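Source file: work-v8.cif (mmCIF, C-alpha atoms)
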```cif
data_structure
loop_
_atom_site.label_atom_id
_atom_site.label_comp_id
_atom_site.auth_asym_id
_atom_site.auth_seq_id
_atom_site.Cartn_x
_atom_site.Cartn_y
_atom_site.Cartn_z
CA MET G 269 11.64 24.81 23.38
CA LYS G 270 10.00 22.29 25.70
CA ALA G 271 6.54 23.59 24.85
CA ASN G 272 7.17 23.12 21.12
CA ALA G 273 8.65 19.63 21.40
CA PRO G 274 5.33 17.75 21.11
CA ALA G 275 4.39 19.85 18.08
CA ARG G 276 7.61 18.79 16.36
CA TRP G 277 7.57 15.09 17.25
CA LEU G 278 3.91 14.10 17.29
CA PRO G 279 3.36 14.37 13.49
CA ALA G 280 6.44 12.25 12.82
CA LEU G 281 5.34 9.69 15.42
CA ALA G 282 1.91 9.60 13.79
CA LEU G 283 3.51 8.74 10.44
CA VAL G 284 5.63 6.03 12.06
CA LEU G 285 2.45 4.60 13.60
CA ASN G 286 0.86 4.43 10.16
CA ALA G 287 3.98 2.77 8.70
CA LEU G 288 4.01 0.26 11.57
CA THR G 289 0.33 -0.57 11.00
CA TRP G 290 0.94 -1.36 7.33
CA GLY G 291 4.36 -2.91 7.87
CA VAL G 292 3.13 -5.62 10.21
CA SER G 293 -0.35 -6.04 8.69
CA TRP G 294 0.78 -9.23 6.97
CA TRP G 295 0.69 -11.12 10.28
CA PRO G 296 -3.00 -10.56 11.19
CA PHE G 297 -3.97 -11.18 7.56
CA ARG G 298 -2.26 -14.56 7.78
CA GLN G 299 -4.01 -15.32 11.07
CA LEU G 300 -7.37 -14.58 9.45
CA ALA G 301 -6.42 -16.74 6.45
CA ALA G 302 -5.59 -19.60 8.82
CA GLN G 303 -9.19 -19.37 10.08
CA GLY G 304 -10.54 -19.65 6.53
CA LEU G 305 -10.97 -15.96 5.66
CA HIS G 306 -9.22 -15.19 2.37
CA PRO G 307 -7.27 -11.88 2.35
CA LEU G 308 -9.57 -10.51 -0.36
CA TRP G 309 -12.63 -11.05 1.83
CA ALA G 310 -10.74 -9.77 4.87
CA THR G 311 -9.87 -6.59 2.96
CA ALA G 312 -13.48 -6.15 1.85
CA MET G 313 -14.74 -6.54 5.43
CA ILE G 314 -12.15 -4.18 6.93
CA TYR G 315 -12.78 -1.42 4.41
CA THR G 316 -16.55 -1.79 4.63
CA MET G 317 -16.21 -0.85 8.30
CA ALA G 318 -14.17 2.21 7.34
CA VAL G 319 -16.79 3.19 4.74
CA ALA G 320 -19.50 2.93 7.40
CA ALA G 321 -17.51 5.19 9.73
CA ILE G 322 -16.97 7.83 7.04
CA THR G 323 -20.64 7.64 6.02
CA LEU G 324 -21.71 8.37 9.59
CA TRP G 325 -19.15 11.19 9.83
CA ARG G 326 -19.88 12.87 6.46
CA ARG G 327 -23.17 11.63 5.01
CA GLY G 328 -22.94 14.03 2.08
CA ALA G 329 -19.71 12.44 0.88
CA TRP G 330 -21.57 9.75 -1.08
CA GLY G 331 -23.48 12.34 -3.11
CA GLU G 332 -20.25 14.21 -3.90
CA LEU G 333 -18.52 10.97 -4.93
CA LEU G 334 -21.36 9.87 -7.22
CA ARG G 335 -21.48 13.32 -8.84
CA THR G 336 -17.71 13.34 -9.54
CA PRO G 337 -16.81 10.77 -12.23
CA SER G 338 -13.12 11.77 -12.05
CA LEU G 339 -12.98 10.19 -8.58
CA TRP G 340 -14.19 6.82 -9.83
CA LEU G 341 -10.72 6.07 -11.19
CA LEU G 342 -9.43 6.75 -7.66
CA VAL G 343 -11.89 4.13 -6.40
CA LEU G 344 -10.43 1.59 -8.84
CA ALA G 345 -6.78 2.51 -8.16
CA SER G 346 -7.10 2.45 -4.37
CA GLY G 347 -9.13 -0.74 -4.43
CA THR G 348 -6.64 -2.55 -6.64
CA THR G 349 -3.76 -1.35 -4.44
CA ASN G 350 -5.26 -2.76 -1.28
CA ALA G 351 -6.49 -6.01 -2.84
CA ALA G 352 -3.12 -6.74 -4.47
CA PHE G 353 -0.91 -5.74 -1.54
CA ASN G 354 -2.92 -7.54 1.15
CA TRP G 355 -3.22 -10.69 -0.94
CA GLY G 356 0.48 -10.66 -1.85
CA ILE G 357 1.83 -10.26 1.69
CA THR G 358 -0.51 -13.00 2.92
CA VAL G 359 0.58 -15.72 0.49
CA GLY G 360 4.14 -14.73 -0.50
CA ASP G 361 7.55 -13.75 0.81
CA VAL G 362 6.77 -10.52 2.65
CA VAL G 363 10.16 -8.89 2.03
CA ARG G 364 10.06 -9.42 -1.74
CA VAL G 365 6.44 -8.31 -2.06
CA VAL G 366 7.04 -5.11 -0.07
CA LEU G 367 10.17 -4.21 -2.05
CA LEU G 368 8.39 -4.72 -5.37
CA PHE G 369 5.50 -2.66 -4.04
CA TYR G 370 7.92 0.19 -3.33
CA LEU G 371 8.88 0.55 -7.00
CA MET G 372 6.61 3.61 -6.80
CA PRO G 373 9.31 6.10 -7.96
CA LEU G 374 9.41 4.32 -11.32
CA TRP G 375 5.64 4.32 -11.81
CA ALA G 376 5.17 7.80 -10.34
CA VAL G 377 7.52 9.39 -12.90
CA LEU G 378 5.76 7.70 -15.82
CA LEU G 379 2.24 8.37 -14.56
CA ALA G 380 2.99 12.00 -13.66
CA ARG G 381 4.26 12.49 -17.19
CA LEU G 382 1.17 10.85 -18.69
CA LEU G 383 -1.56 12.28 -16.46
CA LEU G 384 -0.08 15.53 -15.09
CA LYS G 385 2.14 16.42 -18.08
CA GLU G 386 5.18 16.80 -15.81
CA ALA G 387 8.53 17.10 -17.56
CA LEU G 388 11.03 14.22 -17.48
CA THR G 389 13.99 15.78 -15.68
CA GLY G 390 17.44 14.30 -15.21
CA ALA G 391 16.66 13.60 -11.55
CA ALA G 392 13.45 11.79 -12.53
CA LEU G 393 15.31 9.61 -15.04
CA LEU G 394 17.92 8.80 -12.38
CA ARG G 395 15.16 7.59 -10.04
CA VAL G 396 13.74 5.44 -12.82
CA ALA G 397 17.17 3.91 -13.48
CA LEU G 398 17.73 3.16 -9.78
CA ALA G 399 14.28 1.62 -9.38
CA LEU G 400 14.72 -0.54 -12.49
CA ALA G 401 18.15 -1.69 -11.35
CA GLY G 402 16.74 -2.54 -7.93
CA ALA G 403 13.83 -4.49 -9.42
CA ALA G 404 16.15 -6.43 -11.74
CA THR G 405 18.40 -7.31 -8.80
CA VAL G 406 15.49 -8.49 -6.65
CA LEU G 407 13.96 -10.53 -9.49
CA TRP G 408 17.15 -11.88 -11.04
CA PRO G 409 16.81 -15.66 -11.45
CA THR G 410 19.11 -17.68 -9.22
CA GLY G 411 19.81 -21.35 -8.64
CA ALA G 412 20.58 -24.28 -10.90
CA GLY G 413 19.05 -24.02 -14.34
CA SER G 414 17.98 -20.43 -13.81
CA GLY G 415 17.82 -18.10 -16.74
CA GLY G 416 15.61 -15.70 -18.60
CA LEU G 417 14.61 -12.14 -17.92
CA PRO G 418 14.31 -10.76 -14.36
CA LEU G 419 10.52 -10.74 -14.30
CA PRO G 420 8.05 -11.70 -11.56
CA ARG G 421 7.65 -15.48 -11.49
CA THR G 422 5.06 -16.05 -8.77
CA LEU G 423 1.60 -14.70 -7.98
CA PRO G 424 2.78 -12.75 -4.89
CA GLU G 425 5.52 -11.03 -6.93
CA TRP G 426 3.02 -9.98 -9.60
CA LEU G 427 0.66 -8.76 -6.88
CA GLY G 428 3.42 -6.68 -5.28
CA LEU G 429 4.28 -5.14 -8.65
CA LEU G 430 0.62 -4.43 -9.47
CA GLY G 431 -0.03 -2.98 -6.01
CA GLY G 432 2.92 -0.61 -6.30
CA PHE G 433 1.82 0.58 -9.74
CA THR G 434 -1.74 1.29 -8.65
CA PHE G 435 -0.50 2.94 -5.44
CA ALA G 436 1.58 5.33 -7.54
CA LEU G 437 -1.52 5.94 -9.70
CA ASN G 438 -3.51 6.51 -6.50
CA ASN G 439 -1.04 9.17 -5.35
CA VAL G 440 -1.00 10.93 -8.73
CA LEU G 441 -4.81 10.97 -8.80
CA LEU G 442 -4.90 12.40 -5.27
CA ARG G 443 -2.74 15.28 -6.49
CA ARG G 444 -4.98 15.80 -9.50
CA GLU G 445 -8.12 15.73 -7.33
CA SER G 446 -6.70 17.85 -4.50
CA SER G 447 -9.55 20.35 -4.86
CA GLN G 448 -12.13 17.71 -3.87
CA PRO G 449 -13.28 17.54 -0.21
CA GLU G 450 -11.03 15.40 1.98
CA ALA G 451 -13.90 13.23 3.22
CA THR G 452 -14.99 12.50 -0.36
CA ARG G 453 -11.49 11.45 -1.39
CA ALA G 454 -11.17 9.27 1.70
CA LEU G 455 -14.54 7.66 0.94
CA ALA G 456 -13.41 6.94 -2.64
CA MET G 457 -10.29 5.16 -1.39
CA PHE G 458 -12.00 3.10 1.32
CA ALA G 459 -14.98 2.26 -0.92
CA GLY G 460 -12.50 1.07 -3.55
CA GLY G 461 -10.81 -1.20 -1.01
CA ALA G 462 -14.15 -2.80 -0.19
CA LEU G 463 -15.64 -3.00 -3.70
CA VAL G 464 -12.64 -4.15 -5.72
CA SER G 465 -11.64 -6.83 -3.20
CA ALA G 466 -15.19 -8.22 -3.05
CA LEU G 467 -15.61 -8.20 -6.85
CA VAL G 468 -12.27 -9.91 -7.46
CA ALA G 469 -13.08 -12.53 -4.81
CA LEU G 470 -16.48 -13.23 -6.41
CA SER G 471 -14.92 -13.52 -9.87
CA LEU G 472 -12.37 -16.06 -8.58
CA GLN G 473 -14.71 -18.32 -6.62
CA ALA G 474 -12.94 -21.41 -7.97
CA SER G 475 -9.80 -20.47 -6.02
CA VAL G 476 -11.12 -17.94 -3.50
CA PRO G 477 -13.61 -19.57 -1.13
CA LEU G 478 -16.49 -17.61 0.33
CA PRO G 479 -16.11 -16.41 3.93
CA PRO G 480 -16.59 -19.18 6.49
CA ALA G 481 -19.49 -19.35 8.86
CA PRO G 482 -19.43 -16.50 11.40
CA ALA G 483 -17.03 -17.26 14.23
CA TRP G 484 -15.86 -15.12 17.11
CA GLY G 485 -12.17 -15.49 16.20
CA TRP G 486 -12.14 -14.06 12.68
CA LEU G 487 -14.95 -11.57 13.31
CA ALA G 488 -13.11 -10.06 16.27
CA GLY G 489 -9.82 -10.10 14.36
CA GLY G 490 -11.39 -8.32 11.41
CA LEU G 491 -12.95 -5.72 13.70
CA LEU G 492 -9.62 -5.02 15.38
CA MET G 493 -7.91 -4.69 12.01
CA GLY G 494 -10.60 -2.29 10.85
CA VAL G 495 -9.99 -0.09 13.89
CA ALA G 496 -6.21 -0.30 13.36
CA PHE G 497 -6.41 0.64 9.66
CA LEU G 498 -8.80 3.51 10.35
CA GLY G 499 -6.52 4.75 13.14
CA GLY G 500 -3.49 4.42 10.86
CA ASN G 501 -5.23 6.46 8.17
CA LEU G 502 -6.11 9.20 10.67
CA ALA G 503 -2.50 9.20 11.89
CA LEU G 504 -1.29 9.53 8.28
CA GLN G 505 -3.56 12.48 7.62
CA TYR G 506 -2.51 14.13 10.91
CA GLY G 507 1.20 13.74 10.23
CA ALA G 508 1.16 14.45 6.48
CA SER G 509 -0.82 17.67 6.97
CA ARG G 510 1.76 19.04 9.44
CA LEU G 511 5.06 18.00 7.84
CA PRO G 512 6.67 18.80 4.47
CA ALA G 513 5.95 16.22 1.80
CA ASN G 514 9.60 15.20 1.52
CA VAL G 515 9.78 14.53 5.27
CA THR G 516 6.57 12.49 5.08
CA ALA G 517 8.01 10.35 2.27
CA VAL G 518 11.20 9.63 4.19
CA VAL G 519 9.37 8.67 7.39
CA MET G 520 6.98 6.40 5.50
CA ILE G 521 9.93 4.36 4.19
CA THR G 522 10.09 2.88 7.70
CA GLU G 523 7.27 0.60 6.53
CA VAL G 524 9.90 -1.39 4.62
CA LEU G 525 11.91 -1.75 7.84
CA PHE G 526 8.90 -2.85 9.91
CA ALA G 527 7.72 -5.32 7.27
CA SER G 528 11.16 -6.81 6.62
CA ALA G 529 12.20 -7.09 10.27
CA SER G 530 8.91 -8.64 11.40
CA ALA G 531 8.83 -11.05 8.43
CA VAL G 532 12.39 -12.28 8.95
CA TRP G 533 11.86 -12.59 12.70
CA LEU G 534 8.68 -14.65 12.28
CA GLY G 535 9.90 -16.69 9.31
CA ALA G 536 7.72 -15.12 6.61
CA GLY G 537 10.58 -13.72 4.53
CA GLN G 538 14.24 -14.23 3.69
CA VAL G 539 17.04 -11.72 3.22
CA THR G 540 19.77 -12.47 0.69
CA PRO G 541 22.67 -10.29 -0.53
CA ALA G 542 20.84 -9.71 -3.83
CA LEU G 543 17.69 -8.71 -1.97
CA LEU G 544 19.64 -6.27 0.19
CA LEU G 545 21.30 -4.70 -2.84
CA GLY G 546 18.09 -4.46 -4.84
CA GLY G 547 16.17 -3.17 -1.84
CA GLY G 548 18.84 -0.53 -1.25
CA LEU G 549 18.52 0.71 -4.84
CA ILE G 550 14.72 0.84 -4.61
CA VAL G 551 14.76 2.67 -1.28
CA GLY G 552 17.43 5.00 -2.66
CA ALA G 553 15.15 5.90 -5.57
CA THR G 554 12.34 6.66 -3.10
CA LEU G 555 14.60 8.82 -0.96
CA LEU G 556 15.70 10.78 -4.05
CA ALA G 557 12.04 11.34 -4.90
CA SER G 558 11.43 12.70 -1.41
CA ARG G 559 14.04 15.43 -1.93
CA GLU G 560 11.82 17.16 -4.49
#
```

So that I can check it, write out the structure of this file as structure tokens.
Amino acid sequence: MKANAPARWLPALALVLNALTWGVSWWPFRQLAAQGLHPLWATAMIYTMAVAAITLWRRGAWGELLRTPSLWLLVLASGTTNAAFNWGITVGDVVRVVLLFYLMPLWAVLLARLLLKEALTGAALLRVALALAGAATVLWPTGAGSGGLPLPRTLPEWLGLLGGFTFALNNVLLRRESSQPEATRALAMFAGGALVSALVALSLQASVPLPPAPAWGWLAGGLLMGVAFLGGNLALQYGASRLPANVTAVVMITEVLFASASAVWLGAGQVTPALLLGGGLIVGATLLASRE
């Protein structure tokens, strides 16, 4: 029993480490933004470092990626996910952005039906209903003169919604491309994070300034974040490959806890009764998805 204890707990701890890395990533992104580095450029720099590491590890991965057009959609989906999420948590209410990002059960059901031809079961429709109810509760207009439909009203809210949709697409595509080499799929995701963020930043130069002159502060911060994200990804792959998928999904929900607790503690997010109710419905939909 004692000899098997590490084998049982280490994969789960690895997943918690990954969730912690993403859950508190908003804080270093905001520190870099305070030094003049926009989150889009920070994302591009961080993922370029990861691409360099994978290239040194598996040099043949680039050839496999370029020869596999079906993976190019994964490049776009992963890149959009990272650009939208990192930008949203840097400039908006972290709790709201993270909860809208976790509307994945809604998007996953629709995308699996469209791309994988999966049947719409009663359980899947229940998850969709819970996720929609949670989103409506989170986005319901409040205050004097409020009215209209419960739709995103700010850039960070739209970014959270977009990031969650493309993350669900990313996961569906990973299932569809499961026969591809692991290093090639990882390269597609990291390359997407670098390319999409840089291209969006260049297309929005009027509102997204170019990186500032090289300075020790933001260069060192970006390097540390690159190491942390690469380590988090390795921890995810270690844990997810050793635990059932439903267990992995449940453990990864701790990202919501880490993000919400750190944001409220440091004043980057607010918790209201409506947000708690909507968040509970969204998390409930995710937990139901993990049972399958």

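Minimum atom-to-atom distance to Leu288 (chain G), evaluated using all atoms listed in the file, belongs to G:Ala496 out of G:Val476, G:Val532, G:Leu555, G:Ala496.
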
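Proximity ranking of G:Thr336, G:Thr405, G:Ser346, G:Asn438 relative to Leu549 (chain G) places G:Thr405 first, based on all atoms listed in the file.
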
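Taken over the whole file, the PyMOL selection byres ((chain G and resi 467) around 12) covers exactly Leu308, Trp309, Thr311, Ala312, Leu344, Gly347, Thr348, Ala351, Gly460, Gly461, Ala462, Leu463, Val464, Ser465, Ala466, Val468, Ala469, Leu470, Ser471, Leu472, Gln473, Val476 and Leu478 of chain G.
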
Selection file, C-alpha atoms, as a PDB file, keeping the file's coordinate frame:
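Result went into again.pdb, see below:
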```
ATOM      1  CA  LEU G 308      -9.570 -10.510  -0.360  1.00  0.00           C
ATOM      2  CA  TRP G 309     -12.630 -11.050   1.830  1.00  0.00           C
ATOM      3  CA  THR G 311      -9.870  -6.590   2.960  1.00  0.00           C
ATOM      4  CA  ALA G 312     -13.480  -6.150   1.850  1.00  0.00           C
ATOM      5  CA  LEU G 344     -10.430   1.590  -8.840  1.00  0.00           C
ATOM      6  CA  GLY G 347      -9.130  -0.740  -4.430  1.00  0.00           C
ATOM      7  CA  THR G 348      -6.640  -2.550  -6.640  1.00  0.00           C
ATOM      8  CA  ALA G 351      -6.490  -6.010  -2.840  1.00  0.00           C
ATOM      9  CA  GLY G 460     -12.500   1.070  -3.550  1.00  0.00           C
ATOM     10  CA  GLY G 461     -10.810  -1.200  -1.010  1.00  0.00           C
ATOM     11  CA  ALA G 462     -14.150  -2.800  -0.190  1.00  0.00           C
ATOM     12  CA  LEU G 463     -15.640  -3.000  -3.700  1.00  0.00           C
ATOM     13  CA  VAL G 464     -12.640  -4.150  -5.720  1.00  0.00           C
ATOM     14  CA  SER G 465     -11.640  -6.830  -3.200  1.00  0.00           C
ATOM     15  CA  ALA G 466     -15.190  -8.220  -3.050  1.00  0.00           C
ATOM     16  CA  VAL G 468     -12.270  -9.910  -7.460  1.00  0.00           C
ATOM     17  CA  ALA G 469     -13.080 -12.530  -4.810  1.00  0.00           C
ATOM     18  CA  LEU G 470     -16.480 -13.230  -6.410  1.00  0.00           C
ATOM     19  CA  SER G 471     -14.920 -13.520  -9.870  1.00  0.00           C
ATOM     20  CA  LEU G 472     -12.370 -16.060  -8.580  1.00  0.00           C
ATOM     21  CA  GLN G 473     -14.710 -18.320  -6.620  1.00  0.00           C
ATOM     22  CA  VAL G 476     -11.120 -17.940  -3.500  1.00  0.00           C
ATOM     23  CA  LEU G 478     -16.490 -17.610   0.330  1.00  0.00           C
TER      24      LEU G 478
END
```

Next item on the list: Using all atoms listed in the file, find the one residue out of G:Pro307, G:Pro477, G:Gly356, G:Pro449 that sits nearest to Glu332 (chain G).
Entry: G:Pro449

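Picture a line from CA of Ala503 (chain G) to CA of Ala280 (chain G); it runs 9.5 Å.
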
Next item on the list: Please provide the set of residues having any atom within 12 Å of Leu367 (chain G), restricted to all atoms listed in the file, with same-chain residues fewer than 3 positions apart removed, written as a ChimeraX atom specification.
Entry: /G:291,353,356-357,361-364,370-373,399-400,402-407,424-429,431-432,521,523-525,527-528,537,539,543-554

Give me, as a CSV table (one decimal) with C-alpha atoms, keeping the file's coordinate frame, all polymer residues having an atom no more than 12 Å from Ala387 (chain G), counting all atoms listed in the file and skipping those fewer than 6 positions away in the same chain.
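Saved as out_3.csv:
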```
chain,number,residue,atom,x,y,z
G,377,VAL,CA,7.5,9.4,-12.9
G,378,LEU,CA,5.8,7.7,-15.8
G,379,LEU,CA,2.2,8.4,-14.6
G,380,ALA,CA,3.0,12.0,-13.7
G,381,ARG,CA,4.3,12.5,-17.2
G,393,LEU,CA,15.3,9.6,-15.0
```

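Proximity of G:Phe458, G:Ala302, G:Val359, G:Pro337 to Gly494 (chain G), computed with all atoms listed in the file, is greatest for G:Phe458.
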
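From CA of Phe497 (chain G) back to CA of Ala517 (chain G), the distance works out to 18.9 Å.
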
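Here the PyMOL selection byres ((chain G and resi 482-487) around 8) matches the residues Leu300, Gln303, Leu305, Pro480, Ala481, Ala488, Gly489, Gly490 and Leu491 of chain G.
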
Next item on the list: Translate the PyMOL selection byres ((chain G and resi 318) around 12), as applied to the file shown, into an explicit residue set as an MDAnalysis selection string.
Entry: chainID G and resid 311:317 319:325 451 454:462 490:502

Notebook entry, point to check: When you draw a straight line from CA of Trp375 (chain G) to CA of Phe433 (chain G), how long is it in Å?
Noted result: 5.7 Å

Checklist line | Among listed residues G:Arg510, G:Arg298, G:Arg395, G:Arg444, nearest Ala531 (chain G) (using only C-alpha atoms) | finding: G:Arg298

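Take the candidates G:Leu285, G:Ala352, G:Leu339, G:Gly304 and check each one against Arg443 (chain G) using all atoms listed in the file; the shortest distance goes to G:Leu339.
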
Next item on the list: For Phe297 (chain G), please output as a PyMOL selection string all residues within 8 Å (counting only C-alpha atoms; exclusion window: fewer than 2 positions along the same chain).
Entry: chain G and resi 293-295+299-301+307+310+354+358
